[in-house]
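*Asks:* The structure follows.
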Amino acid sequence: MTTTAAGSDRVSTLELFFDLVFVFTITQLTDVLYAAPTLRSLFQALLMLSLIWWMYGGYAWLTNAVAADATRRRILLLGGMGAFFLLALSVPNAFSSTGLAFGLAYLVIVAIHAGLFTRAASERVVEAILRIFPLNVAAALLVVAGGAAGGSAQYLLWTAAVALEWLTPALRGLAGFEVAPAHFVERHGLVLIVAIGESVVAVGIGAAGLAVDAGLVFVALLGLALSACLWWLYFGDAGDERAERALAAMEPLARARCALTAFFFCYLALLLGILTIAAAEQSALEQPFDELSWARAAMLSGGLAAYLAGLALFRRQLATGTGTTLGAAALLVLVAIPLGAEVSAALQIAVLVGLLGVTIALDRPAGG
């Protein structure tokens, strides 16, 4: 058996508390798409989610290597949580009036992350974080500069920050980073549950203030069924256990590389898909038996396609399945867009739930 990280074996209650911020962050990003279902808003949400998830994932790597079992560490982790909360508050107007606040909060997040990471017991881990810290700071400074500049410069600088973060592993390597599979998989799984929970919240928000009649009950249950399908596709058939076994079987460096590809890049598609679905569902529940705009109908099916494609790639990275069924489903769900745009939101959701039900029945992950 290969060696694993020296951090916690399982997720702590402090980490669960920390992850509550992610509920708010996803809600804020969902509101961006709900308020304006445009390509510009989608690009804004993608930029912010990419930046946020890079560092949020960084904190998952952090607590995977450094247990928050001392008062000073807990206080610092709570400080990082506070910075994330302030960042989330600035999300809705980040491209108009609160971009600088977003950037300054991001810089604090990066600083606390590196400071805590240097408390790792392994010298190799400390050397690894110090190797990438300058690039994380450079990306954060680009975010600060973009937030201060606003306008077109903000888009350019924030895109450059995302590109720098994505290139960091290639520029600095992952040697020295250690991943404890049990904790790592559990932490990311819990974050995904939190995000899926946001889609359930969206159903409730969309139904708020409406008469609880047979029609509303039907459509609300359809929305809940869609969220349940998202859960089933990832966690059904012990999907998290398969992921844990796959990581545990790898050598340390290969494990770190796979952890980055599967749990950052593939998860980015999963999370973007979930928040896009949530934004569309919130609109759908307001007038469930009326047609959606083409933009919102595309968001609903497109978000689901992103989730399915991300999950297919996730399985391929971990060698827990070919992802063929999921990939085919990702294309098939797009045919439901005209149903929502020309007939009703309820019909589109019903067809999507049916397609997901068939996908679940046909889907057979490997490694069982």
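Letters for chains follow the order of the structure tokens (A, B, ...), residue numbers begin at 1 for each chain, and ligand numbers begin at 1 in the order shown.
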Applying 12 Å and only C-alpha atoms, which residues near Asp363 in chain A remain after dropping the ones on its own chain fewer than 6 positions away? List them as a PyMOL selection string.

*Replies:* chain A and resi 232-234+236-237+239+308+311-312+315+320-329+355-357

*Asks:* Can you list, as a VMD selection string, every protein, DNA or RNA residue that comes within 12 Å of Leu260 in chain A when you count only C-alpha atoms, leaving out same-chain residues fewer than 5 positions away?

*Replies:* chain A and resid 53 to 54 57 to 58 60 to 61 165 to 170 173 to 174 177 to 179 184 to 185 188 247 253 to 255 265 to 268 314 317 to 318

*Asks:* With only C-alpha atoms as the basis for distance, which of A:Ala67, A:Ala148, A:Val110, A:Leu100 is at the shortest distance from Gly80 in chain A?

*Replies:*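 Among the listed residues, A:Val110 lies closest to Gly80 in chain A.
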
*Asks:* Of the candidates A:Leu107, A:Ala114, A:Ala243, A:Leu46, which one gets nearest to Ile132 in chain A if we count only C-alpha atoms?

*Replies:*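 Checking each candidate against Ile132 in chain A, we get A:Ala114 as the closest.
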
*Asks:* Between A:Ser12, A:Met81, A:Pro92, A:Phe17, which has the minimum distance to Ala68 in chain A (counting only C-alpha atoms)?

*Replies:*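 Answer, going by the shortest atom-to-atom distance: A:Ser12.
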
*Asks:* For Ser283 in chain A, work out the shell of residues within 10 Å, counting only C-alpha atoms and skipping chain neighbours fewer than 4 positions away, then give it as a list of chain:residue names.

*Replies:* A:Tyr34, A:Ala35, A:Ala202, A:Val203, A:Ile205, A:Gly206, A:Ala207, A:Ala278, A:Ala279, A:Gln287, A:Pro288, A:Leu292, A:Ser293, A:Arg296, A:Ala297, A:Leu300, A:Ala345

*Asks:* Nearest residue to Ile112 in chain A out of A:Tyr307, A:Phe133, A:Phe263, A:Phe235, using only C-alpha atoms?

*Replies:*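 For Ile112 in chain A, the nearest of the candidates is A:Phe133.
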
*Asks:* CA of Asn136 in chain A to CA of Ile52 in chain A: how many Å, to one decimal?

*Replies:* 12.3 Å

*Asks:* May I ask which of the residues A:Val21, A:Ala70, A:Ile193, A:Val126 is the closest one to Ala83 in chain A, counting only C-alpha atoms?

*Replies:*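 Of A:Val21, A:Ala70, A:Ile193, A:Val126, the one nearest Ala83 in chain A is A:Val21, counting only C-alpha atoms.
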